[in-house]
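See below for data.csv, which holds CSV, C-alpha atoms and all ligand atoms.
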```csv
chain,number,residue,atom,x,y,z
D,277,MET,CA,0.0,0.0,0.0
D,278,ARG,CA,2.8,2.3,1.0
D,279,LYS,CA,4.5,1.6,-2.3
D,280,VAL,CA,1.3,2.5,-4.2
D,281,ILE,CA,0.9,5.8,-2.4
D,282,TRP,CA,4.6,6.6,-3.0
D,283,ALA,CA,4.2,5.8,-6.7
D,284,ALA,CA,1.1,7.9,-7.0
D,285,ALA,CA,2.8,10.8,-5.2
D,286,SER,CA,5.7,10.6,-7.6
D,287,ILE,CA,3.4,10.7,-10.7
D,288,VAL,CA,1.7,13.8,-9.3
D,289,ALA,CA,5.0,15.4,-8.5
D,290,LEU,CA,6.3,14.7,-12.0
D,291,ALA,CA,3.1,16.1,-13.6
D,292,PHE,CA,3.8,19.4,-11.8
D,293,ALA,CA,7.5,19.4,-12.4
D,294,GLY,CA,7.2,18.6,-16.1
D,295,PRO,CA,5.8,21.9,-17.4
D,296,ALA,CA,8.0,23.8,-14.9
D,297,LEU,CA,11.1,22.0,-16.2
D,298,ALA,CA,10.1,22.6,-19.8
D,299,GLN,CA,9.7,26.3,-19.1
D,300,SER,CA,13.0,26.8,-17.3
D,301,PRO,CA,15.1,29.1,-19.4
D,302,ILE,CA,18.3,28.1,-21.3
D,303,ILE,CA,21.1,29.9,-19.4
D,304,ILE,CA,24.0,31.5,-21.4
D,305,LYS,CA,26.8,32.6,-19.2
D,306,PHE,CA,28.7,35.4,-21.0
D,307,SER,CA,32.0,36.1,-19.4
D,308,HIS,CA,34.3,39.0,-20.2
D,309,VAL,CA,37.2,40.9,-18.7
D,310,VAL,CA,36.4,44.6,-19.2
D,311,ALA,CA,34.2,47.0,-17.3
D,312,THR,CA,30.5,47.3,-18.2
D,313,ASP,CA,31.0,50.9,-19.3
D,314,THR,CA,33.2,50.1,-22.3
D,315,PRO,CA,32.3,49.2,-26.0
D,316,LYS,CA,32.3,45.4,-25.2
D,317,GLY,CA,30.6,45.8,-21.8
D,318,LYS,CA,27.8,47.7,-23.3
D,319,ALA,CA,27.4,45.4,-26.3
D,320,ALA,CA,27.2,42.4,-24.0
D,321,GLU,CA,24.4,44.1,-22.1
D,322,LYS,CA,22.7,45.0,-25.4
D,323,PHE,CA,22.9,41.3,-26.6
D,324,LYS,CA,21.4,40.2,-23.3
D,325,GLU,CA,18.5,42.6,-23.7
D,326,LEU,CA,17.8,41.6,-27.3
D,327,ALA,CA,18.3,37.9,-26.8
D,328,GLU,CA,15.9,37.7,-23.9
D,329,LYS,CA,13.4,39.8,-25.8
D,330,TYR,CA,13.5,37.9,-29.1
D,331,THR,CA,13.3,34.5,-27.3
D,332,GLY,CA,10.4,35.6,-25.2
D,333,GLY,CA,12.4,34.8,-22.0
D,334,LYS,CA,13.3,31.2,-23.2
D,335,VAL,CA,16.9,32.2,-23.0
D,336,LYS,CA,18.5,34.0,-20.0
D,337,ILE,CA,21.9,35.7,-20.6
D,338,GLU,CA,24.0,36.1,-17.5
D,339,VAL,CA,26.8,38.6,-18.2
D,340,TYR,CA,29.8,38.4,-15.9
D,341,PRO,CA,32.0,41.5,-16.6
D,342,ASN,CA,35.4,42.6,-15.3
D,343,SER,CA,36.9,39.1,-15.0
D,344,SER,CA,34.4,38.4,-12.2
D,345,LEU,CA,34.0,34.8,-13.3
D,346,TYR,CA,37.2,34.0,-15.2
D,347,LYS,CA,40.5,35.7,-16.2
D,348,ASP,CA,41.8,35.8,-19.8
D,349,LYS,CA,43.3,32.3,-20.1
D,350,GLU,CA,40.9,30.6,-17.8
D,351,GLU,CA,37.8,31.8,-19.7
D,352,LEU,CA,38.9,30.0,-22.9
D,353,GLU,CA,39.4,26.8,-21.0
D,354,ALA,CA,36.0,27.3,-19.3
D,355,LEU,CA,34.4,27.8,-22.7
D,356,GLN,CA,35.8,24.6,-24.1
D,357,LEU,CA,34.7,22.7,-21.0
D,358,GLY,CA,31.2,24.2,-21.2
D,359,SER,CA,31.4,25.9,-17.8
D,360,VAL,CA,30.6,29.2,-19.6
D,361,GLN,CA,28.9,29.4,-23.0
D,362,MET,CA,29.9,32.8,-24.5
D,363,LEU,CA,33.0,35.0,-24.5
D,364,ALA,CA,34.4,37.9,-26.5
D,365,PRO,CA,38.3,37.7,-26.2
D,366,SER,CA,40.4,40.1,-28.1
D,367,ASN,CA,42.1,38.9,-31.3
D,368,SER,CA,45.4,38.8,-29.4
D,369,LYS,CA,44.3,36.1,-27.0
D,370,PHE,CA,43.8,33.0,-29.1
D,371,GLY,CA,47.4,31.8,-29.0
D,372,PRO,CA,46.9,29.6,-25.9
D,373,LEU,CA,44.4,27.6,-28.1
D,374,GLY,CA,47.1,27.0,-30.6
D,375,ILE,CA,45.5,29.5,-33.1
D,376,ARG,CA,48.0,32.3,-34.0
D,377,GLU,CA,46.2,33.6,-37.1
D,378,PHE,CA,44.1,36.2,-35.3
D,379,GLU,CA,47.3,37.9,-34.2
D,380,VAL,CA,47.5,39.3,-37.8
D,381,PHE,CA,45.2,42.1,-36.3
D,382,ASP,CA,48.1,42.9,-33.9
D,383,LEU,CA,50.5,43.9,-36.6
D,384,PRO,CA,51.6,47.5,-36.0
D,385,TYR,CA,49.8,50.0,-38.2
D,386,ILE,CA,48.1,47.3,-40.3
D,387,LEU,CA,44.8,49.1,-40.0
D,388,PRO,CA,44.6,52.7,-41.0
D,389,ASP,CA,41.0,53.1,-39.7
D,390,LEU,CA,37.9,51.3,-38.6
D,391,LYS,CA,36.3,51.4,-42.1
D,392,THR,CA,39.2,49.2,-43.3
D,393,LEU,CA,38.8,46.9,-40.4
D,394,ARG,CA,35.1,46.3,-41.2
D,395,LYS,CA,36.1,45.5,-44.8
D,396,VAL,CA,38.4,42.8,-43.5
D,397,THR,CA,36.2,41.3,-40.8
D,398,GLU,CA,33.1,41.3,-42.9
D,399,GLY,CA,34.9,39.9,-46.0
D,400,PRO,CA,36.1,36.4,-46.9
D,401,LEU,CA,39.1,36.7,-44.6
D,402,GLY,CA,37.0,37.4,-41.6
D,403,ALA,CA,34.9,34.3,-42.3
D,404,LYS,CA,37.9,32.2,-42.9
D,405,LEU,CA,39.5,33.1,-39.6
D,406,LEU,CA,36.3,32.2,-37.7
D,407,LYS,CA,36.4,28.7,-39.3
D,408,LEU,CA,39.7,28.1,-37.6
D,409,LEU,CA,37.9,28.0,-34.3
D,410,GLU,CA,35.7,25.0,-35.1
D,411,PRO,CA,38.2,22.2,-34.6
D,412,LYS,CA,38.7,23.6,-31.1
D,413,GLY,CA,35.0,23.2,-30.3
D,414,ILE,CA,34.3,26.9,-30.7
D,415,THR,CA,31.9,28.7,-33.0
D,416,GLY,CA,32.7,32.3,-33.9
D,417,LEU,CA,29.7,34.5,-34.1
D,418,ALA,CA,30.8,38.1,-34.7
D,419,TYR,CA,33.6,40.7,-34.6
D,420,TRP,CA,33.2,43.5,-32.2
D,421,ASP,CA,35.4,46.6,-32.3
D,422,ASN,CA,37.1,48.4,-29.5
D,423,GLY,CA,39.5,50.7,-31.1
D,424,PHE,CA,43.1,51.8,-31.5
D,425,LYS,CA,45.8,51.4,-28.8
D,426,GLU,CA,47.9,54.1,-27.2
D,427,MET,CA,51.2,53.6,-25.2
D,428,SER,CA,51.3,54.5,-21.5
D,429,ALA,CA,54.2,54.5,-19.1
D,430,ASN,CA,55.7,56.5,-16.2
D,431,LYS,CA,58.3,58.0,-18.6
D,432,LYS,CA,57.8,60.0,-21.7
D,433,LEU,CA,57.6,57.8,-24.8
D,434,VAL,CA,58.3,59.9,-27.8
D,435,THR,CA,61.1,58.4,-29.9
D,436,PRO,CA,61.7,54.7,-30.4
D,437,SER,CA,64.8,54.9,-28.2
D,438,ASP,CA,62.6,55.9,-25.2
D,439,TYR,CA,61.2,52.3,-25.3
D,440,GLN,CA,64.6,50.8,-24.6
D,441,GLY,CA,64.5,48.6,-21.4
D,442,VAL,CA,60.9,49.6,-20.5
D,443,LYS,CA,58.9,46.7,-19.1
D,444,PHE,CA,55.5,46.4,-20.9
D,445,ARG,CA,52.5,44.3,-20.0
D,446,ILE,CA,51.2,42.6,-23.1
D,447,GLN,CA,48.3,40.3,-24.0
D,448,SER,CA,49.3,36.7,-24.9
D,449,SER,CA,50.2,37.5,-28.5
D,450,ARG,CA,53.6,36.6,-30.1
D,451,VAL,CA,53.1,39.5,-32.5
D,452,LEU,CA,52.8,41.9,-29.6
D,453,GLN,CA,55.9,40.3,-28.0
D,454,ALA,CA,57.8,40.9,-31.3
D,455,GLN,CA,56.5,44.5,-31.4
D,456,PHE,CA,58.0,45.4,-28.0
D,457,LYS,CA,61.2,43.5,-28.7
D,458,ALA,CA,61.6,45.5,-31.9
D,459,LEU,CA,61.5,48.6,-29.7
D,460,GLY,CA,64.1,47.2,-27.2
D,461,SER,CA,61.4,46.8,-24.5
D,462,LEU,CA,60.8,43.9,-22.2
D,463,PRO,CA,57.3,42.5,-22.8
D,464,GLN,CA,55.6,40.5,-20.1
D,465,VAL,CA,52.3,38.6,-20.7
D,466,MET,CA,49.7,39.3,-18.0
D,467,ALA,CA,46.0,38.9,-17.6
D,468,PHE,CA,44.0,42.1,-18.1
D,469,SER,CA,42.6,42.0,-14.5
D,470,GLU,CA,46.2,42.3,-13.1
D,471,VAL,CA,47.4,45.2,-15.1
D,472,TYR,CA,46.3,48.1,-12.8
D,473,GLN,CA,48.1,46.6,-9.8
D,474,ALA,CA,51.2,45.7,-11.8
D,475,LEU,CA,51.4,49.3,-13.0
D,476,GLN,CA,50.8,50.6,-9.5
D,477,THR,CA,53.4,48.5,-7.8
D,478,GLY,CA,56.0,48.8,-10.6
D,479,VAL,CA,56.0,45.1,-11.7
D,480,VAL,CA,55.7,46.6,-15.2
D,481,ASP,CA,56.4,50.2,-16.3
D,482,GLY,CA,53.9,50.5,-19.1
D,483,GLN,CA,51.2,49.0,-21.2
D,484,GLU,CA,49.3,49.6,-24.5
D,485,ASN,CA,45.5,49.9,-24.6
D,486,THR,CA,42.5,51.7,-25.9
D,487,TRP,CA,41.3,54.9,-24.2
D,488,SER,CA,38.2,53.2,-22.9
D,489,ASN,CA,40.2,50.4,-21.3
D,490,ILE,CA,42.7,52.8,-19.8
D,491,TYR,CA,40.0,55.0,-18.3
D,492,THR,CA,37.7,52.3,-17.0
D,493,GLN,CA,40.6,50.4,-15.3
D,494,LYS,CA,41.9,53.7,-13.9
D,495,MET,CA,45.3,53.0,-15.5
D,496,HIS,CA,45.7,56.8,-16.1
D,497,GLU,CA,45.9,57.2,-12.4
D,498,VAL,CA,49.0,55.2,-12.2
D,499,GLN,CA,50.7,56.2,-15.5
D,500,LYS,CA,52.2,59.7,-15.8
D,501,TYR,CA,52.2,59.7,-19.6
D,502,ILE,CA,50.1,58.4,-22.4
D,503,THR,CA,51.4,58.7,-26.0
D,504,GLU,CA,48.7,58.9,-28.7
D,505,THR,CA,50.3,56.4,-31.0
D,506,ASN,CA,47.3,54.6,-32.5
D,507,HIS,CA,49.8,52.0,-33.5
D,508,GLY,CA,47.6,48.9,-33.1
D,509,TYR,CA,44.1,47.7,-32.7
D,510,ILE,CA,42.0,45.9,-30.1
D,511,GLY,CA,38.9,44.1,-31.3
D,512,TYR,CA,37.0,41.0,-30.2
D,513,VAL,CA,35.7,37.8,-31.6
D,514,VAL,CA,32.4,36.8,-30.0
D,515,ILE,CA,32.5,33.0,-29.5
D,516,VAL,CA,30.3,30.2,-28.2
D,517,ASN,CA,30.8,26.6,-27.2
D,518,LYS,CA,30.1,24.8,-30.5
D,519,LYS,CA,28.3,21.9,-29.1
D,520,PHE,CA,26.0,24.1,-27.0
D,521,TRP,CA,25.3,26.3,-30.0
D,522,ASP,CA,24.6,23.3,-32.4
D,523,ASP,CA,22.3,21.6,-29.8
D,524,LEU,CA,20.1,24.7,-29.4
D,525,PRO,CA,16.6,24.4,-31.0
D,526,ALA,CA,16.8,26.0,-34.5
D,527,ASP,CA,14.3,28.7,-33.8
D,528,ILE,CA,16.2,29.8,-30.6
D,529,ARG,CA,19.5,29.8,-32.5
D,530,ASP,CA,17.9,32.0,-35.2
D,531,GLN,CA,16.6,34.5,-32.6
D,532,LEU,CA,20.0,34.6,-30.9
D,533,THR,CA,21.7,35.1,-34.3
D,534,LYS,CA,19.4,38.1,-34.9
D,535,ALA,CA,20.1,39.5,-31.5
D,536,MET,CA,23.9,39.1,-32.1
D,537,LYS,CA,23.7,40.8,-35.4
D,538,GLU,CA,21.9,43.8,-33.9
D,539,ALA,CA,24.3,43.9,-30.8
D,540,THR,CA,27.2,43.9,-33.3
D,541,ASP,CA,25.8,46.9,-35.2
D,542,PHE,CA,25.2,48.6,-31.9
D,543,ASN,CA,28.8,47.9,-30.7
D,544,ASN,CA,30.4,49.0,-33.9
D,545,ALA,CA,28.4,52.2,-34.0
D,546,GLN,CA,29.3,53.3,-30.5
D,547,SER,CA,32.9,52.0,-29.9
D,548,GLN,CA,34.5,55.1,-31.4
D,549,LYS,CA,32.4,57.4,-29.2
D,550,GLU,CA,33.2,55.4,-26.1
D,551,ASN,CA,36.9,55.8,-26.7
D,552,ASP,CA,36.5,59.5,-27.5
D,553,ASP,CA,34.5,60.0,-24.3
D,554,ALA,CA,37.1,58.1,-22.3
D,555,LEU,CA,39.9,60.3,-23.8
D,556,ALA,CA,38.0,63.4,-22.8
D,557,GLU,CA,37.6,62.1,-19.2
D,558,ILE,CA,41.3,61.3,-19.0
D,559,LYS,CA,42.1,64.8,-20.2
D,560,LYS,CA,39.7,66.3,-17.7
D,561,SER,CA,41.2,64.3,-14.8
D,562,GLY,CA,44.6,65.8,-15.4
D,563,LYS,CA,46.2,62.7,-14.1
D,564,SER,CA,48.3,61.7,-17.1
D,565,GLU,CA,50.0,64.0,-19.6
D,566,ILE,CA,48.9,63.1,-23.1
D,567,ILE,CA,51.7,63.2,-25.7
D,568,LYS,CA,51.0,63.8,-29.4
D,569,LEU,CA,53.6,62.8,-31.9
D,570,THR,CA,54.7,65.0,-34.8
D,571,PRO,CA,54.5,63.4,-38.3
D,572,GLU,CA,58.3,62.8,-38.1
D,573,GLN,CA,58.0,61.1,-34.7
D,574,ASP,CA,55.1,59.0,-36.0
D,575,GLU,CA,57.2,57.9,-39.0
D,576,ALA,CA,60.1,56.9,-36.7
D,577,MET,CA,57.8,54.7,-34.7
D,578,ARG,CA,56.5,53.0,-37.9
D,579,LYS,CA,60.0,52.4,-39.1
D,580,ALA,CA,61.1,50.9,-35.7
D,581,MET,CA,58.2,48.5,-35.8
D,582,GLU,CA,58.7,47.4,-39.4
D,583,PRO,CA,60.7,44.2,-38.5
D,584,VAL,CA,57.7,42.9,-36.7
D,585,TYR,CA,56.1,41.9,-40.1
D,586,LYS,CA,59.0,39.7,-40.9
D,587,ASP,CA,59.0,38.1,-37.6
D,588,ALA,CA,55.2,37.6,-37.8
D,589,ALA,CA,55.4,35.8,-41.2
D,590,SER,CA,56.7,32.7,-39.5
D,591,ARG,CA,54.0,32.8,-36.8
D,592,VAL,CA,50.8,33.9,-38.6
D,593,GLY,CA,51.9,33.1,-42.2
D,594,GLN,CA,53.1,35.4,-45.0
D,595,SER,CA,50.1,34.5,-47.2
D,596,LEU,CA,47.7,35.6,-44.5
D,597,ILE,CA,49.5,38.9,-44.0
D,598,ASP,CA,49.4,39.5,-47.8
D,599,GLU,CA,45.7,38.6,-48.0
D,600,PHE,CA,45.0,40.9,-45.1
D,601,GLN,CA,46.9,43.8,-46.6
D,602,LYS,CA,45.2,43.2,-50.0
D,603,GLU,CA,41.7,43.3,-48.5
D,604,ALA,CA,42.7,46.3,-46.3
D,605,LYS,CA,44.0,48.1,-49.4
D,606,SER,CA,40.9,47.5,-51.4
D,607,ALA,CA,38.9,49.2,-48.6
D,608,THR,CA,40.9,52.4,-48.9
D,609,ASN,CA,40.5,52.5,-52.7
K,701,LIG,C1,43.6,43.6,-22.8
K,701,LIG,O1,43.8,42.5,-22.3
K,701,LIG,O2,44.3,44.6,-22.7
K,701,LIG,C2,42.3,43.7,-23.6
K,701,LIG,O3,42.2,42.7,-24.5
K,701,LIG,C3,41.1,43.7,-22.7
K,701,LIG,C4,39.9,43.7,-23.5
K,701,LIG,O4,39.2,42.7,-23.4
K,701,LIG,O5,39.6,44.7,-24.1
```

Take the structure from the file and write it as structure tokens.
Ligand code: LMR
Amino acid sequence: MRKVIWAAASIVALAFAGPALAQSPIIIKFSHVVATDTPKGKAAEKFKELAEKYTGGKVKIEVYPNSSLYKDKEELEALQLGSVQMLAPSNSKFGPLGIREFEVFDLPYILPDLKTLRKVTEGPLGAKLLKLLEPKGITGLAYWDNGFKEMSANKKLVTPSDYQGVKFRIQSSRVLQAQFKALGSLPQVMAFSEVYQALQTGVVDGQENTWSNIYTQKMHEVQKYITETNHGYIGYVVIVNKKFWDDLPADIRDQLTKAMKEATDFNNAQSQKENDDALAEIKKSGKSEIIKLTPEQDEAMRKAMEPVYKDAASRVGQSLIDEFQKEAKSATN
């Protein structure tokens, strides 16, 4: 008798749990390392808003900003293991996965402007690069801009010789390593979340980043000088765990794809303004002196970094560099 009551109770419980389970939303954990008030931080929030709206609440996006869930290298491992479903690492951070090709975006002065960048990311080369992620269990969904990088340090950086012996924090990119070696500096790979403290305590003397990252991480408070070099670019690849993505119901995947497309347009329309606003705030704070280079000084920096292209050929491939430059050139014509 007891068994019968127990079985009946279980059936009733299941009957109630069934619809509740069916309705529980699909959770997408989206981890990233920057502040919410940055191009990527805002775009992640935009994606959350649109994805939840288009799926009628069937998907819930949990955004974890500022390395609150994982730091740079850990987040890629977590994505592959399925502990997190979505990330947007910079192009410079795919090396630990054994993919060096995205580092082509790190080549000094390879992109004259954001228009050229779009031409490359939205063209065949952009699509080809995303394909490289698949054997690693990752699907690439979109490219999000941040912007151009500036050099900061506690000493004035004007001519290439000023870089001699300066310790720079870099992202995990061999091209960036070669860039600082070409300048006679000492590059050190470090997670983004550790940069402020490393600058403050003198573990490193300087770093390169966009205005929005410098401002939101308060790096300008611990760096006396920022040189407006615009020598390189930081942008992101929005990625998901491939199995998770492929296993989603097709209608949900379509709605998420639409949300991603709109969040991408939103990001790419506001990234420049975010960086301009951050620069204005840094100027207003008066904490760092901002150095502008003359055309001659700019030329000297370009010359000093030229050897990086040769060095990069063996890492990312000469044909990829050629293809990138060809597509970039066709954008400016
Ligand atoms: C950095 O590590 O400096 C940047 O890639 C951080 C980011 O995600 O913009």

Distance table requested - chain D against ligand LIG 701 (chain K), cut-off 8 Å, only C-alpha atoms and all ligand atoms: one row per qualifying residue with the closest atom pair and its distance in Å to one decimal, ordered by chain and rising residue number, as CSV.
```
residue,atom,partner,partner_atom,distance
D:His308,CA,K:LIG701,O4,6.9
D:Val309,CA,K:LIG701,O4,5.4
D:Val310,CA,K:LIG701,O4,5.4
D:Lys316,CA,K:LIG701,O5,7.4
D:Asp348,CA,K:LIG701,O1,7.4
D:Ala364,CA,K:LIG701,O4,7.5
D:Pro365,CA,K:LIG701,O4,5.8
D:Ser366,CA,K:LIG701,O3,4.8
D:Asn367,CA,K:LIG701,O3,7.8
D:Ser368,CA,K:LIG701,O3,7.0
D:Lys369,CA,K:LIG701,O3,7.4
D:Asn422,CA,K:LIG701,O5,7.0
D:Ile446,CA,K:LIG701,O2,7.2
D:Gln447,CA,K:LIG701,O1,5.3
D:Met466,CA,K:LIG701,O1,8.0
D:Ala467,CA,K:LIG701,O1,6.3
D:Phe468,CA,K:LIG701,O1,4.2
D:Ser469,CA,K:LIG701,O1,7.9
D:Glu484,CA,K:LIG701,O2,7.3
D:Asn485,CA,K:LIG701,O2,5.8
D:Thr486,CA,K:LIG701,O5,7.8
D:Asn489,CA,K:LIG701,O5,6.4
D:Ile510,CA,K:LIG701,O3,6.5
D:Gly511,CA,K:LIG701,O5,7.3
D:Tyr512,CA,K:LIG701,O4,7.3
```

- Message: Show me, as a ChimeraX atom specification, the residues that have an atom within 10 Å of Lys324 of chain D when counting only C-alpha atoms, minus same-chain residues fewer than 2 positions from it.
- Response: /D:304,306,318-322,326-329,335-339,532,535-536,539

- With all atoms listed in the file as the basis for distance, which of D:Lys605, D:Arg591, D:Lys560, D:Lys500 is at the shortest distance from Leu433 of chain D? D:Lys500

- Query: So, counting only C-alpha atoms, which residue among D:Gln546, D:Thr331, D:Thr492, D:Gln455 is closest to Asp587 of chain D?
  - Reply: D:Gln455

- Item | Shell of 8 Å around segment 441-444 of chain D, only C-alpha atoms, local chain residues under 3 positions omitted, as a ChimeraX atom specification | /D:456,460-464,480-484

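The spacing separating atom CA of Arg450 of chain D from atom CA of Gln499 of chain D amounts to 24.6 Å.
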
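Compared by their closest atoms to Thr397 of chain D, and using only C-alpha atoms, the residues D:Glu504, D:Asp553, D:Glu377, D:Asp421 rank with D:Asp421 nearest.
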
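For the pair atom CA of Lys563 of chain D and atom CA of Asn551 of chain D, the separation is 17.1 Å.
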